[in-house]
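These notes are about the structure you will find just below.
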Amino acid sequence: MENTITTGQKNTATFIHLSVFAQFLFPLGNFIAPLLIWASLKRNSVFVDNHGRRALNFQMSTLLYTIGLVIIAIPFVAYQVLQIVSKQGHFDLENHFDHFVLPNDASGLIITALAFGLLLLALFVVTLFSVISAAVSASNGEEYKY
């Protein structure tokens with residue numbers, strides 16, 4: 001690694017980490033924005049290259065964790081929906097407002113949705129704090145490992 005890290009390199013590395021919040025502006029912004037910054041400036045500094053690679057790697061990891069949670073949740077939700085349908089005796093898409101599902105029939109579905117929703121929320125909070133912590137470390141000229 002370089003002996004001296006310039007303020008510009010610190011700012012670039014910090015901006016790479018913070019650019020993942022572009023996901024709130026456009027789809028896949030958490031990959032596109034850091035990738036564009038990192039790809040254009042990685043040759044200028046080992047410090048920027050390391051932070052860019054780590055930021056993108058972390059974003060890919062969180063995407064895989066999210067996809068994994070959703071894939072794991074699908075059978076649980078499908079099972080709960082099938083339980084509700086079997087108790088109702090029919091599944092009518094056209095007149096679905098004619099009779100409502102009782103809350104005790106949907107309790108398993110609600111609990112499943114809450115459990116997986118809380119896991120996704122926890123992943124989001126961990127991601128948020130990790131990105132902010134990485135940006136602070138980059139602005140101080142320190143290496144950061146997610």
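Chain labels run A, B, ... following the order of the structure tokens; each chain numbers its residues from 1, and ligands are numbered from 1 in the order shown.
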Once DSSP has gone over the backbone, tell me which residues of stretch 11-115 of chain A are in helix (DSSP H, G or I), as number ranges by chain. A: 11-24, 29-44, 46-88, 107-115
Could you please determine the separation between atom CA of A:Thr112 and atom CA of A:Ala73 in Å, to one decimal place?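 Result for atom CA of A:Thr112 versus atom CA of A:Ala73: 7.9 Å, one decimal.
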Close residues, stretch 55-70 of chain A itself excluded, 12 Å, only C-alpha atoms, min 3 positions apart in chain, as a ChimeraX atom specification: /A:13-21,23,28-39,48-52,73-77,112-113,115-128,130-135,138,143-146
Name all residues at most 12 Å from A:Thr6 (count only C-alpha atoms; drop same-chain ones fewer than 4 positions away) and give them as a compact mmCIF listing (two decimals) with C-alpha atoms, in the first residue's frame.
# COMPACT_ATOMS: atom_id res chain seq x y z
CA GLU A 2 1.10 3.55 -0.57
CA LYS A 10 -9.63 9.47 0.95
CA ASN A 11 -12.56 11.42 -0.49
CA THR A 12 -12.84 9.06 -3.47
CA ALA A 13 -12.83 5.97 -1.25
CA ASN A 44 -4.63 5.83 -9.54
CA SER A 45 -4.43 4.40 -6.04
CA VAL A 46 -4.16 1.06 -4.28
CA PHE A 47 -6.15 2.59 -1.41
CA VAL A 48 -9.08 3.45 -3.71
CA ALA A 138 -11.97 5.61 4.36
CA SER A 139 -12.21 9.30 5.21
CA ASN A 140 -9.67 8.74 8.00
CA GLY A 141 -7.31 6.97 5.59
CA GLU A 142 -7.76 3.57 7.23
